[in-house]
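Novice: The structure file run-v2.tsv (TSV, C-alpha atoms) is provided below.
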chain	number	residue	atom	x	y	z
P	1	MET	CA	22.33	-2.91	8.71
P	2	LEU	CA	19.03	-2.38	10.47
P	3	HIS	CA	17.96	1.03	11.77
P	4	LEU	CA	15.74	1.44	14.82
P	5	ALA	CA	14.82	5.14	15.16
P	6	THR	CA	11.47	5.02	13.36
P	7	PRO	CA	10.43	1.60	14.72
P	8	LEU	CA	11.23	2.69	18.28
P	9	GLY	CA	9.22	5.86	17.68
P	10	ILE	CA	6.26	3.74	16.57
P	11	LEU	CA	6.55	1.56	19.67
P	12	THR	CA	6.67	4.67	21.84
P	13	LEU	CA	3.53	6.00	20.14
P	14	LEU	CA	1.69	2.69	20.69
P	15	GLN	CA	2.69	2.67	24.37
P	16	ARG	CA	1.88	6.36	24.89
P	17	TYR	CA	-1.69	5.85	23.67
P	18	HIS	CA	-2.09	2.54	25.52
P	19	ILE	CA	-2.70	0.59	22.32
P	20	GLU	CA	-2.64	-3.13	23.09
P	21	THR	CA	-0.31	-5.09	20.81
P	22	SER	CA	0.04	-8.41	22.63
P	23	GLY	CA	-1.69	-11.15	20.67
P	24	LYS	CA	-2.85	-8.74	17.97
P	25	LYS	CA	-2.38	-9.27	14.25
P	26	CYS	CA	0.01	-6.64	12.89
P	27	VAL	CA	0.56	-6.15	9.16
P	28	ILE	CA	3.64	-4.21	8.14
P	29	LEU	CA	3.54	-2.84	4.61
P	30	GLY	CA	7.10	-2.56	3.36
P	31	ARG	CA	10.24	-4.61	3.89
P	32	SER	CA	12.93	-1.94	4.08
P	33	ASN	CA	15.89	-2.10	6.43
P	34	ILE	CA	14.83	1.27	7.86
P	35	VAL	CA	11.25	0.49	8.91
P	36	GLY	CA	9.77	-2.80	7.69
P	37	LYS	CA	12.28	-5.41	8.85
P	38	PRO	CA	13.21	-3.86	12.21
P	39	MET	CA	9.54	-3.08	12.94
P	40	ALA	CA	8.62	-6.71	12.30
P	41	GLN	CA	11.39	-7.92	14.61
P	42	LEU	CA	10.34	-5.60	17.42
P	43	MET	CA	6.60	-6.32	17.10
P	44	MET	CA	7.28	-10.07	17.35
P	45	GLN	CA	9.40	-9.81	20.49
P	46	LYS	CA	7.57	-10.49	23.73
P	47	GLN	CA	9.02	-7.47	25.58
P	48	TYR	CA	7.97	-5.02	22.83
P	49	GLY	CA	5.00	-5.92	20.66
P	50	ASP	CA	4.25	-9.59	21.37
P	51	ALA	CA	2.13	-9.53	18.20
P	52	THR	CA	1.56	-11.90	15.30
P	53	VAL	CA	3.32	-10.17	12.42
P	54	THR	CA	2.89	-10.38	8.67
P	55	VAL	CA	5.19	-8.40	6.38
P	56	CYS	CA	3.74	-7.53	2.96
P	57	HIS	CA	5.14	-5.62	0.00
P	58	SER	CA	3.54	-4.16	-3.11
P	59	HIS	CA	3.66	-7.52	-4.93
P	60	SER	CA	2.24	-9.66	-2.10
P	61	ALA	CA	-0.52	-11.80	-3.62
P	62	THR	CA	-2.88	-11.52	-0.62
P	63	LEU	CA	-1.99	-8.00	0.49
P	64	LYS	CA	-5.55	-6.62	0.73
P	65	GLU	CA	-6.81	-9.71	2.53
P	66	GLU	CA	-3.94	-9.57	5.03
P	67	CYS	CA	-4.67	-5.91	5.74
P	68	ARG	CA	-8.40	-6.53	6.20
P	69	GLU	CA	-7.59	-9.02	8.97
P	70	ALA	CA	-5.09	-6.76	10.75
P	71	ASP	CA	-5.67	-5.15	14.12
P	72	ILE	CA	-2.66	-2.90	13.46
P	73	ILE	CA	-1.36	-1.73	10.06
P	74	ILE	CA	2.01	-0.01	9.80
P	75	ALA	CA	2.32	1.52	6.33
P	76	ALA	CA	5.88	2.07	5.12
P	77	ILE	CA	5.53	0.97	1.52
P	78	GLY	CA	6.57	4.20	-0.22
P	79	ARG	CA	3.46	4.63	-2.35
P	80	PRO	CA	1.28	7.70	-1.78
P	81	ASP	CA	-2.33	6.94	-0.77
P	82	PHE	CA	-1.71	3.19	-1.18
P	83	VAL	CA	-3.83	2.13	1.81
P	84	THR	CA	-7.52	2.69	1.10
P	85	ALA	CA	-10.66	2.13	3.17
P	86	ASP	CA	-11.40	-1.24	1.56
P	87	MET	CA	-8.11	-2.54	3.00
P	88	VAL	CA	-8.89	-1.66	6.63
P	89	LYS	CA	-11.23	-3.38	9.07
P	90	GLU	CA	-13.41	-1.43	11.50
P	91	GLY	CA	-11.55	-0.46	14.66
P	92	ALA	CA	-8.05	-1.03	13.27
P	93	VAL	CA	-5.03	1.01	14.32
P	94	VAL	CA	-3.25	2.52	11.31
P	95	ILE	CA	0.20	4.06	11.50
P	96	ASP	CA	1.43	5.88	8.39
P	97	VAL	CA	5.18	6.42	8.17
P	98	GLY	CA	5.26	7.00	4.41
P	99	THR	CA	6.91	10.18	3.13
P	100	THR	CA	6.92	10.35	-0.65
P	101	ARG	CA	7.48	13.54	-2.64
P	102	VAL	CA	4.55	14.35	-4.89
P	103	PRO	CA	4.27	17.34	-7.24
P	104	ASP	CA	2.39	20.34	-5.82
P	105	ALA	CA	2.35	23.50	-7.88
P	106	SER	CA	0.93	25.49	-4.95
P	107	ARG	CA	4.20	25.07	-3.01
P	108	LYS	CA	7.32	27.14	-3.57
P	109	SER	CA	9.33	23.92	-3.57
P	110	GLY	CA	7.06	22.42	-6.24
P	111	PHE	CA	6.32	19.35	-4.12
P	112	ARG	CA	4.85	18.15	-0.84
P	113	LEU	CA	5.32	15.01	1.20
P	114	ASN	CA	2.49	12.49	1.09
P	115	GLY	CA	1.82	9.49	3.29
P	116	ASP	CA	1.02	5.92	2.29
P	117	VAL	CA	-2.52	6.04	3.72
P	118	LYS	CA	-5.47	7.80	2.11
P	119	PHE	CA	-6.24	9.48	5.42
P	120	ASP	CA	-9.67	11.07	4.78
P	121	GLU	CA	-11.03	7.78	3.47
P	122	VAL	CA	-9.43	5.45	6.04
P	123	ALA	CA	-9.78	7.52	9.25
P	124	PRO	CA	-13.51	6.90	9.87
P	125	LYS	CA	-12.86	3.15	10.16
P	126	CYS	CA	-10.00	3.42	12.66
P	127	SER	CA	-9.83	3.41	16.43
P	128	PHE	CA	-6.48	5.25	16.09
P	129	ILE	CA	-4.70	6.64	13.02
P	130	THR	CA	-1.67	8.84	12.45
P	131	LEU	CA	-1.78	11.77	10.07
P	132	CYS	CA	1.19	12.25	7.77
P	133	ARG	CA	1.35	15.97	7.21
P	134	ALA	CA	5.05	16.62	6.94
P	135	VAL	CA	6.03	20.25	6.45
P	136	SER	CA	7.85	21.17	3.26
P	137	ALA	CA	9.16	24.52	2.10
P	138	GLN	CA	6.34	26.88	1.06
Could you show the structure in this file as structure tokens?

Specialist:
Amino acid sequence: MLHLATPLGILTLLQRYHIETSGKKCVILGRSNIVGKPMAQLMMQKQYGDATVTVCHSHSATLKEECREADIIIAAIGRPDFVTADMVKEGAVVIDVGTTRVPDASRKSGFRLNGDVKFDEVAPKCSFITLCRAVSAQ
């Protein structure tokens, strides 16, 4: 069963900020039924993304090369700080939907949520980037 809430949210974000997707190369990191697969389907459809889509996962042989060629990267791979600056071309759009629990002794809960993109390193290269700063219990 495919879910559409997160992918539709991503499409809404792209439309809201007038980010052109038609004819662009979009790399989706992650092949889950929740984000990866439905996002790929939507981005390929003419009425939604109309993009050229490549789906990669953590064992893809040419993952870094694919990302370096991407106009749009959607990171949903489930690995904190996986996407680094050397994987992103200048002017790319990067959307981070990763939410992985990582230990954080400064929080009452003992953890925080971390995205898949190393934001501080990647942001200077991007034309647009999302910031994954999910709130967890203090």

Novice: State, in Å with one decimal place, the distance from CA of Glu20 in chain P to CA of Val94 in chain P.

Specialist: 13.1 Å

Novice: Here is a test: counting all atoms listed in the file, which residue of P:Leu14, P:Ile95, P:Val55, P:Cys126 is nearest to Lys37 in chain P?

Specialist: P:Val55

Novice: When you look at range 107-122 of chain P with a cut-off of 10 Å (counting all atoms listed in the file), what residues show up, excluding the ones that are within fewer than 5 positions of it in the same chain? I need them as a ChimeraX atom specification.

Specialist: /P:29,74-90,92,94-102,129-138

Novice: Could you tell me how far CA of Ala40 in chain P sits from CA of Ser58 in chain P, in Å to one decimal place?

Specialist: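 Interatomic distance, CA of Ser58 in chain P to CA of Ala40 in chain P: 16.4 Å.
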
Novice: Would you compute the distance between CA of Ser127 in chain P and CA of Val27 in chain P? Give it in Å to one decimal.

Specialist: 15.9 Å

Novice: Counting only C-alpha atoms, figure out which residue out of P:Ala51, P:Met44, P:Cys56, P:Ala123 gets nearest to Lys24 in chain P.

Specialist: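 With only C-alpha atoms as the atom set, the closest residue is P:Ala51.
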
Novice: Quick one: of P:Ile73, P:Ser106, P:Leu8, P:Glu66, who's nearest to Ile34 in chain P, counting all atoms listed in the file?

Specialist: P:Leu8

Novice: Measuring atom to atom with all atoms listed in the file, identify which of P:Ile72, P:Ile10, P:Ile28, P:Cys67 is nearest to Tyr48 in chain P.

Specialist: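 Closest to Tyr48 in chain P, using all atoms listed in the file: P:Ile10.
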